[in-house]
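S.K.: First, the structure itself, so that you have it in front of you.
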Amino acid sequence: MRMNSDVSEAIKKTKKMSNRRDFIKTLGLSSAGLMMGLSASSKPTVIHLNGVGPSALALEINPFIVIEPNGKIILINPRPDMGQGSTQAVPSLLAEELEVRLDQVTIWQSDGKGKYGDQTSGGSSSVRALWKPIRQAGAAAREMLVKAAAQRWSVPESECYAKEAKVFHKPSGKSLTYGEVADDASKFEVPKNPALKEAKDFKIVGKYAPRLDVPARVTGKAVFGIDVDVPGMVYAVMIHNPHVFGKIVSIDDTEALKIKGVQKVLKCERPMPHRTAEAVAIIADNYWAALSAKKVVKVHWDNGTIPHTLTTDAYFKKCAEAATKEGLKGEESGDFAAAFAGAAKKVEALYETPFLAHAPMEPENAIAHVKEDGTAEVWAPIQGPDWALRDLAGYLKIKPEQIKINVALLGGAFGRKAYHDFLLEACFLSKEVKKPVKLVWTREDDITQGPYRPGMMARMQGGVDEKGNIVAYHHHPIGESIQFQVFKAPNDKPDDWICGELSQKEQKYTIPAFKVSFTHVSTEIPIVWWRSVYASNFGFSQEGFLDELIHSAGKDPLKARLEMMTDARFKKVLETLAEKAKWGEKLPAGHGKGIAVFKSFGSISACCVTVSKQGAGVKVEKVVSVIDCGHYVNPDNVKAQTEGNIVMGITAAVKKGISFTNGQAEQTNFHQYHVMRFNEMPAVEIHIVESGAEPGGVGEPGLPPIAPALANAVFAATGKRIRKLPFDLNTLA
């Protein structure tokens, strides 16, 4: 690992500290536990927030909170950071209840061991899942420290309070640092129901605060996965079949082996959840040599076994055929068939969303060292060390305790780096060459190989009565299922994720006859979660089609949605949007506004998009987004994540997706797989509704309403209805 002398010394000292630790206690708290280590000796050099990275992760720290006699405090972050801010957000929950400032602590990343509970960053779950248990961990530690100080002074605990890593005695003004009472505190039973602060008393949570890790990222000091080195490692690059699942017939490495630094060219495997692909790996002393060799290795592939479903045209044709048939019923309230048949106006439509690549700025990479003694160690930017531990143990056929995982900062992921094919490739190669192997995928590997957000269709049906009321609604999503392809769930039942998210219970529209069904159409194109998962597909069909029904009823899009809503939180979000976006204002000629609202990951998000006609197309002028995510940690981070969702949401709506022709991806890099440019960015406003509800997600919920609001704005400005993504903003009018 690349590290300076201070970091190396920190590792040596902290390993000694771990062996001499006087106390470790465990507090079982629903999904996470507290282990507060209190060491009577040693003074490790600590790595602060602006230097957090893989170098810190080699330290064998087990508890969530470690307090040293000198007052140094270490907080463990159990959720990897891929840009969403978990490095600071989760420890903020600990610090709030522990009564310390974030600049008083050092933060380390967990390593996948079971004592830390669920450690996967995904599903916008970090704060909402850990809101109570992590705060309980901090509160329990605080109560133990206060009790220790009170006994030291022989005073009642009620006369003592904690503040900024010290315990104070109110009457006398005396104080003791946490480090001074840590050893005494270790002798107490851990409180099972520690008192948590009320929201009005928060000092950190819910307040604006600078991200302490940002300066290091901006200046290049932060260590991401792709930056990590370990002693004795070699480099590897892959040659993946453009057809993904073709078989290797022969490999000609004659020219490659002439390149200085190239050690070996070998057949490799890429293990994926639904099947394993064959690949070729080049092993070299340095990355440039390996990459240069990749250009001259000649691989003869047999692509005769490519599944016919490895083309997007064939896949969507099957989806369209399935749309003419009844799906598996996921939910129905009222009699949809009768209500639809009796409607004065009937509307039917087919909506379609494409496959999308994740394309994180940092491509997939990992260092693996599978050792001859049967143990293994990896360094990688992964979303879940616990899931990685499970996958590595299964693949290498060794016990989890024989594996050490060092989680690096992630340069983006969006769901991709919870899919561990690249990590298992690195393990395969390390086992073969008997050395640590640093594997780095190219951008072409990332975009052509997947996995992708699944392309999906939705058959939509609805009916309006004589009075202009929407009386029938049917949402029928069709396509490949992550549950079925990745997790091998039985496909004779509706997809619970899709149907549950689209249910009336979640989306709250009070339509008398409301139905959700599902049809599974399989494909061999690899798929996995993409930012906001299926909400990014079906927020578009739900809110676009509701706009069609509302237009058919002759009503205002916002007022009609409010009429169908009885839920107070949904209504507040829409009312806030109406106010902030000035929904009722008269627009200049050629302008149009569109709205959409969708609930996902426990949060309600709505947006209003304004467009203007520009020649044969339209320009996106402004996006106003409103989110109710309940309690949150940092409003600035909520806004930052929502801004990112706006960028990805517009990109997904108007930039070309992934298409497979003759079994291979047509897009290979950013010259074909486009993202929004700075000059395309509209004006943006983000507003947070202060509901005080239980925490919801933030990293993903802002995305689903973007595409439908944009499409609805296009209709308002041009009269052209958008039912298929992506669409070209320049050829609409």
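Chain labels run A, B, ... following the order of the structure tokens; each chain numbers its residues from 1, and ligands are numbered from 1 in the order shown.
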Write out as a ChimeraX atom specification each polymer residue whose atoms come within 10 Å of segment 403-408 of chain A, counting only C-alpha atoms; drop sequence neighbours fewer than 4 positions from it.
M.R.: /A:52-60,79-82,108-113,222-228,366-370,374-386,388-390,392-393,396,398-399
S.K.: Just the residues within 9 Å of His674 of chain A, please, counting only C-alpha atoms, with nothing from its chain fewer than 5 positions along; format it as a list in words.
M.R.: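 Selected residues are Thr651, Lys655, Lys656, Gly657 and Asn669 of chain A.
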S.K.: Next, write the just-selected residues to a file, as a CSV table (one decimal), in the first residue's frame, keeping N, CA, C and O atoms as the atom set.
M.R.:
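The resulting file, part14.csv, is shown below:
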```
chain,number,residue,atom,x,y,z
A,651,THR,N,-29.9,13.7,-17.9
A,651,THR,CA,-29.0,12.9,-18.8
A,651,THR,C,-29.7,11.6,-19.3
A,651,THR,O,-29.7,11.3,-20.5
A,655,LYS,N,-30.1,11.8,-23.3
A,655,LYS,CA,-28.9,11.3,-23.9
A,655,LYS,C,-29.0,9.8,-24.2
A,655,LYS,O,-29.7,9.1,-23.5
A,656,LYS,N,-28.4,9.4,-25.2
A,656,LYS,CA,-28.6,8.0,-25.7
A,656,LYS,C,-28.2,7.0,-24.6
A,656,LYS,O,-27.2,7.1,-24.0
A,657,GLY,N,-29.0,5.9,-24.5
A,657,GLY,CA,-28.7,4.9,-23.6
A,657,GLY,C,-27.8,3.8,-24.2
A,657,GLY,O,-27.1,4.0,-25.1
A,669,ASN,N,-17.5,4.4,-25.2
A,669,ASN,CA,-16.9,5.4,-24.3
A,669,ASN,C,-17.8,6.6,-24.3
A,669,ASN,O,-18.8,6.6,-24.9
```
S.K.: I'd like the contact shell of segment 625-627 of chain A - 8 Å cut-off, only C-alpha atoms, skipping same-chain residues fewer than 3 positions apart - returned as number ranges by chain.
M.R.: A: 573, 576-577, 603-608, 642, 684-689, 702
S.K.: So that I have them on file, write out the residues from the current selection with N, CA, C and O atoms, as a PDB file, in the first residue's frame.
M.R.:
```pdb
ATOM      1  N   VAL A 573     -45.669  18.573  -0.029  1.00  0.00           N
ATOM      2  CA  VAL A 573     -44.615  18.625  -1.044  1.00  0.00           C
ATOM      3  C   VAL A 573     -45.139  19.304  -2.305  1.00  0.00           C
ATOM      4  O   VAL A 573     -44.478  20.182  -2.884  1.00  0.00           O
ATOM      5  N   THR A 576     -45.764  23.034  -1.682  1.00  0.00           N
ATOM      6  CA  THR A 576     -44.488  23.753  -1.648  1.00  0.00           C
ATOM      7  C   THR A 576     -43.948  23.944  -3.053  1.00  0.00           C
ATOM      8  O   THR A 576     -43.420  25.011  -3.401  1.00  0.00           O
ATOM      9  N   LEU A 577     -44.069  22.908  -3.871  1.00  0.00           N
ATOM     10  CA  LEU A 577     -43.619  23.003  -5.264  1.00  0.00           C
ATOM     11  C   LEU A 577     -44.400  24.084  -6.010  1.00  0.00           C
ATOM     12  O   LEU A 577     -43.821  24.876  -6.769  1.00  0.00           O
ATOM     13  N   SER A 603     -38.659   8.615   0.931  1.00  0.00           N
ATOM     14  CA  SER A 603     -38.737  10.066   0.763  1.00  0.00           C
ATOM     15  C   SER A 603     -39.676  10.422  -0.384  1.00  0.00           C
ATOM     16  O   SER A 603     -39.825   9.661  -1.342  1.00  0.00           O
ATOM     17  N   ILE A 604     -40.285  11.598  -0.279  1.00  0.00           N
ATOM     18  CA  ILE A 604     -41.184  12.095  -1.321  1.00  0.00           C
ATOM     19  C   ILE A 604     -40.479  13.236  -2.032  1.00  0.00           C
ATOM     20  O   ILE A 604     -40.011  14.190  -1.401  1.00  0.00           O
ATOM     21  N   SER A 605     -40.395  13.122  -3.349  1.00  0.00           N
ATOM     22  CA  SER A 605     -39.723  14.153  -4.133  1.00  0.00           C
ATOM     23  C   SER A 605     -40.617  14.586  -5.280  1.00  0.00           C
ATOM     24  O   SER A 605     -41.269  13.759  -5.921  1.00  0.00           O
ATOM     25  N   ALA A 606     -40.661  15.877  -5.521  1.00  0.00           N
ATOM     26  CA  ALA A 606     -41.426  16.426  -6.641  1.00  0.00           C
ATOM     27  C   ALA A 606     -40.583  17.475  -7.337  1.00  0.00           C
ATOM     28  O   ALA A 606     -39.702  18.092  -6.726  1.00  0.00           O
ATOM     29  N   CYS A 607     -40.846  17.678  -8.620  1.00  0.00           N
ATOM     30  CA  CYS A 607     -40.113  18.730  -9.305  1.00  0.00           C
ATOM     31  C   CYS A 607     -40.971  19.374 -10.381  1.00  0.00           C
ATOM     32  O   CYS A 607     -41.944  18.783 -10.863  1.00  0.00           O
ATOM     33  N   CYS A 608     -40.588  20.574 -10.720  1.00  0.00           N
ATOM     34  CA  CYS A 608     -41.210  21.322 -11.802  1.00  0.00           C
ATOM     35  C   CYS A 608     -40.110  21.720 -12.770  1.00  0.00           C
ATOM     36  O   CYS A 608     -39.106  22.312 -12.364  1.00  0.00           O
ATOM     37  N   THR A 642     -29.463  16.068  -4.383  1.00  0.00           N
ATOM     38  CA  THR A 642     -30.593  16.336  -5.268  1.00  0.00           C
ATOM     39  C   THR A 642     -30.119  16.988  -6.562  1.00  0.00           C
ATOM     40  O   THR A 642     -30.645  16.687  -7.652  1.00  0.00           O
ATOM     41  N   VAL A 684     -31.227  25.825 -11.187  1.00  0.00           N
ATOM     42  CA  VAL A 684     -31.757  24.806 -10.270  1.00  0.00           C
ATOM     43  C   VAL A 684     -32.077  25.434  -8.916  1.00  0.00           C
ATOM     44  O   VAL A 684     -31.308  26.244  -8.404  1.00  0.00           O
ATOM     45  N   GLU A 685     -33.220  25.047  -8.364  1.00  0.00           N
ATOM     46  CA  GLU A 685     -33.566  25.398  -6.983  1.00  0.00           C
ATOM     47  C   GLU A 685     -33.943  24.114  -6.246  1.00  0.00           C
ATOM     48  O   GLU A 685     -34.691  23.295  -6.775  1.00  0.00           O
ATOM     49  N   ILE A 686     -33.434  23.970  -5.021  1.00  0.00           N
ATOM     50  CA  ILE A 686     -33.766  22.809  -4.188  1.00  0.00           C
ATOM     51  C   ILE A 686     -34.414  23.317  -2.907  1.00  0.00           C
ATOM     52  O   ILE A 686     -33.892  24.220  -2.250  1.00  0.00           O
ATOM     53  N   HIS A 687     -35.544  22.729  -2.537  1.00  0.00           N
ATOM     54  CA  HIS A 687     -36.228  23.115  -1.307  1.00  0.00           C
ATOM     55  C   HIS A 687     -36.521  21.861  -0.487  1.00  0.00           C
ATOM     56  O   HIS A 687     -36.978  20.845  -1.024  1.00  0.00           O
ATOM     57  N   ILE A 688     -36.259  21.944   0.815  1.00  0.00           N
ATOM     58  CA  ILE A 688     -36.468  20.817   1.722  1.00  0.00           C
ATOM     59  C   ILE A 688     -37.693  21.092   2.588  1.00  0.00           C
ATOM     60  O   ILE A 688     -37.792  22.160   3.209  1.00  0.00           O
ATOM     61  N   VAL A 689     -38.610  20.145   2.622  1.00  0.00           N
ATOM     62  CA  VAL A 689     -39.773  20.249   3.500  1.00  0.00           C
ATOM     63  C   VAL A 689     -39.403  19.708   4.875  1.00  0.00           C
ATOM     64  O   VAL A 689     -38.954  18.567   5.001  1.00  0.00           O
ATOM     65  N   GLY A 702     -34.463  12.051  -5.450  1.00  0.00           N
ATOM     66  CA  GLY A 702     -34.636  13.234  -6.289  1.00  0.00           C
ATOM     67  C   GLY A 702     -34.632  12.948  -7.766  1.00  0.00           C
ATOM     68  O   GLY A 702     -34.999  13.816  -8.578  1.00  0.00           O
TER      69      GLY A 702
END
```
S.K.: Using DSSP on the backbone coordinates, identify all residues within segment 179-289 of chain A classified as alpha helix (DSSP H); present the result as a ChimeraX atom specification.
M.R.: /A:179-185,214-219,287-289
S.K.: Please dump the current selection as a PDB file, in the first residue's frame; keep C-alpha atoms.
M.R.:
```pdb
ATOM      1  CA  GLY A 179      -9.859   9.966  27.972  1.00  0.00           C
ATOM      2  CA  GLU A 180      -9.419  10.537  31.709  1.00  0.00           C
ATOM      3  CA  VAL A 181     -12.580   8.603  32.622  1.00  0.00           C
ATOM      4  CA  ALA A 182     -12.634   6.051  29.802  1.00  0.00           C
ATOM      5  CA  ASP A 183     -11.073   3.261  31.831  1.00  0.00           C
ATOM      6  CA  ASP A 184     -13.564   3.726  34.700  1.00  0.00           C
ATOM      7  CA  ALA A 185     -16.466   3.836  32.243  1.00  0.00           C
ATOM      8  CA  VAL A 214     -13.987  17.670   0.722  1.00  0.00           C
ATOM      9  CA  PRO A 215     -10.685  19.636   0.822  1.00  0.00           C
ATOM     10  CA  ALA A 216      -8.653  16.446   0.459  1.00  0.00           C
ATOM     11  CA  ARG A 217     -10.769  15.341  -2.486  1.00  0.00           C
ATOM     12  CA  VAL A 218     -10.517  18.704  -4.202  1.00  0.00           C
ATOM     13  CA  THR A 219      -6.739  18.958  -3.717  1.00  0.00           C
ATOM     14  CA  TYR A 287      -0.212  -0.430 -15.962  1.00  0.00           C
ATOM     15  CA  TRP A 288       1.112   1.142 -19.168  1.00  0.00           C
ATOM     16  CA  ALA A 289       2.818  -2.075 -20.231  1.00  0.00           C
TER      17      ALA A 289
END
```
S.K.: As a PyMOL selection string, please: the residues near segment 335-344 of chain A (cut-off 12 Å, only C-alpha atoms, same-chain neighbours under 2 positions excluded).
M.R.: chain A and resi 326+329+331-333+346-348+460-475+511-517+549+552-553
S.K.: Would you mind exporting the chosen residues as a CSV table (one decimal), in the first residue's frame, restricted to N, CA and C atoms?
M.R.:
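What landed in result33.csv:
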```csv
chain,number,residue,atom,x,y,z
A,326,GLU,N,-52.1,-10.3,-20.3
A,326,GLU,CA,-52.2,-10.0,-18.8
A,326,GLU,C,-51.0,-10.4,-18.1
A,329,LYS,N,-50.6,-10.4,-11.3
A,329,LYS,CA,-51.2,-9.3,-10.5
A,329,LYS,C,-50.4,-9.1,-9.2
A,331,GLU,N,-51.1,-6.0,-7.3
A,331,GLU,CA,-52.0,-5.3,-6.4
A,331,GLU,C,-53.3,-4.9,-7.2
A,332,GLU,N,-54.4,-4.9,-6.5
A,332,GLU,CA,-55.6,-4.3,-7.2
A,332,GLU,C,-56.6,-3.9,-6.1
A,333,SER,N,-57.0,-2.7,-6.1
A,333,SER,CA,-58.1,-2.2,-5.2
A,333,SER,C,-59.2,-1.7,-6.2
A,346,LYS,N,-61.2,6.7,-22.3
A,346,LYS,CA,-60.2,5.7,-22.0
A,346,LYS,C,-58.9,6.1,-22.6
A,347,VAL,N,-57.8,5.9,-21.9
A,347,VAL,CA,-56.5,6.3,-22.4
A,347,VAL,C,-55.5,5.1,-22.2
A,348,GLU,N,-54.8,4.7,-23.2
A,348,GLU,CA,-53.8,3.6,-23.2
A,348,GLU,C,-52.5,4.1,-23.8
A,460,MET,N,-49.7,1.1,-19.9
A,460,MET,CA,-50.5,2.0,-19.0
A,460,MET,C,-51.9,2.1,-19.5
A,461,GLN,N,-52.9,2.0,-18.6
A,461,GLN,CA,-54.3,2.1,-19.0
A,461,GLN,C,-55.0,2.9,-17.9
A,462,GLY,N,-55.9,3.8,-18.4
A,462,GLY,CA,-56.6,4.6,-17.4
A,462,GLY,C,-58.0,5.1,-18.0
A,463,GLY,N,-58.9,5.4,-17.0
A,463,GLY,CA,-60.2,5.8,-17.5
A,463,GLY,C,-60.6,7.1,-16.7
A,464,VAL,N,-61.4,7.9,-17.3
A,464,VAL,CA,-61.9,9.2,-16.8
A,464,VAL,C,-63.5,9.1,-16.9
A,465,ASP,N,-64.2,9.5,-15.8
A,465,ASP,CA,-65.6,9.5,-15.9
A,465,ASP,C,-66.2,10.8,-16.5
A,466,GLU,N,-67.5,11.0,-16.6
A,466,GLU,CA,-68.1,12.1,-17.2
A,466,GLU,C,-67.8,13.4,-16.5
A,467,LYS,N,-67.5,13.4,-15.2
A,467,LYS,CA,-67.2,14.5,-14.4
A,467,LYS,C,-65.7,14.9,-14.4
A,468,GLY,N,-64.9,14.2,-15.1
A,468,GLY,CA,-63.5,14.5,-15.2
A,468,GLY,C,-62.7,13.9,-14.1
A,469,ASN,N,-63.2,12.9,-13.4
A,469,ASN,CA,-62.5,12.2,-12.4
A,469,ASN,C,-61.8,10.9,-12.9
A,470,ILE,N,-60.6,10.7,-12.5
A,470,ILE,CA,-59.8,9.5,-12.9
A,470,ILE,C,-60.4,8.4,-12.0
A,471,VAL,N,-61.0,7.4,-12.7
A,471,VAL,CA,-61.6,6.3,-11.9
A,471,VAL,C,-61.0,5.0,-12.1
A,472,ALA,N,-60.0,4.9,-13.1
A,472,ALA,CA,-59.4,3.6,-13.3
A,472,ALA,C,-57.9,3.8,-13.7
A,473,TYR,N,-57.0,3.0,-13.1
A,473,TYR,CA,-55.6,3.2,-13.4
A,473,TYR,C,-54.9,1.8,-13.3
A,474,HIS,N,-54.1,1.5,-14.3
A,474,HIS,CA,-53.4,0.2,-14.4
A,474,HIS,C,-52.0,0.5,-14.8
A,475,HIS,N,-51.0,0.1,-14.0
A,475,HIS,CA,-49.6,0.2,-14.3
A,475,HIS,C,-49.1,-1.2,-14.5
A,511,ILE,N,-57.3,6.7,-6.4
A,511,ILE,CA,-58.1,6.3,-7.6
A,511,ILE,C,-58.9,5.1,-7.3
A,512,PRO,N,-60.2,5.1,-7.5
A,512,PRO,CA,-61.1,4.0,-7.0
A,512,PRO,C,-60.7,2.6,-7.5
A,513,ALA,N,-60.3,2.5,-8.8
A,513,ALA,CA,-59.9,1.2,-9.3
A,513,ALA,C,-58.4,1.3,-9.7
A,514,PHE,N,-57.6,0.8,-8.8
A,514,PHE,CA,-56.1,0.9,-9.0
A,514,PHE,C,-55.5,-0.4,-9.1
A,515,LYS,N,-54.7,-0.7,-10.1
A,515,LYS,CA,-54.1,-2.0,-10.3
A,515,LYS,C,-52.6,-1.9,-10.7
A,516,VAL,N,-51.8,-2.8,-10.2
A,516,VAL,CA,-50.4,-3.0,-10.6
A,516,VAL,C,-50.2,-4.4,-10.9
A,517,SER,N,-49.6,-4.7,-12.1
A,517,SER,CA,-49.3,-6.1,-12.5
A,517,SER,C,-47.9,-6.1,-13.0
A,549,LEU,N,-53.8,11.3,-18.4
A,549,LEU,CA,-55.1,11.2,-17.9
A,549,LEU,C,-55.7,12.5,-17.5
A,552,SER,N,-56.7,14.5,-20.4
A,552,SER,CA,-57.9,14.0,-20.9
A,552,SER,C,-59.1,14.5,-20.1
A,553,ALA,N,-58.9,14.7,-18.8
A,553,ALA,CA,-60.0,15.1,-17.9
A,553,ALA,C,-60.1,16.6,-18.0
```
S.K.: So that I can see what lies close to Arg270 of chain A, please list as a PDB file with C-alpha atoms, in the first residue's frame the residues with an atom at most 7 Å from it, counting only C-alpha atoms and leaving out residues fewer than 5 positions away in the same chain.
M.R.:
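Everything below was put into selection_37.pdb:
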```pdb
ATOM      1  CA  THR A 276     -19.683 -16.681 -15.778  1.00  0.00           C
ATOM      2  CA  ALA A 277     -17.967 -15.158 -18.804  1.00  0.00           C
ATOM      3  CA  GLU A 278     -14.551 -15.996 -20.227  1.00  0.00           C
ATOM      4  CA  ALA A 279     -11.884 -13.302 -20.508  1.00  0.00           C
ATOM      5  CA  ASP A 421     -17.317  -9.332 -10.797  1.00  0.00           C
ATOM      6  CA  GLU A 425     -11.534 -11.358 -11.344  1.00  0.00           C
TER       7      GLU A 425
END
```
S.K.: Can you tell me which residues surround Ala693 of chain A at a distance of at most 12 Å, considering only C-alpha atoms, apart from same-chain residues fewer than 3 positions away, and format the answer as a PyMOL selection string?
M.R.: chain A and resi 128+131+199+568-569+602-604+628-632+689-690+696-697
S.K.: Please extract the residues of segment 142-356 of chain A with a backbone DSSP assignment of strand (DSSP E) and present them as a PyMOL selection string.
M.R.: chain A and resi 160-163+166-169+175-177+234-240+247-252+262-271+276-284+298-302+328-333+345-353
S.K.: Please compute the atom CA of Ala560 of chain A-atom CA of Ala535 of chain A distance, one decimal, in Å.
M.R.: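 Distance reported for this atom pair: 21.9 Å.
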S.K.: Taking only C-alpha atoms into account, name the residue in A:Ala616, A:Tyr509, A:Glu621, A:Leu356 that is nearest to Met565 of chain A.
M.R.: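 Between A:Ala616, A:Tyr509, A:Glu621, A:Leu356, the residue approaching Met565 of chain A most closely is A:Tyr509.
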S.K.: Can you tell me how far atom CA of Ala141 of chain A sits from atom CA of Val66 of chain A, in Å to one decimal?
M.R.: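 Those two atoms sit 10.0 Å apart.
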S.K.: Would you please work out which residue, of A:Thr120, A:Thr510, A:Val633, A:Cys319, is nearest to Asp567 of chain A when using only C-alpha atoms?
M.R.: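 Ranked by minimum distance to Asp567 of chain A, first place goes to A:Thr510.
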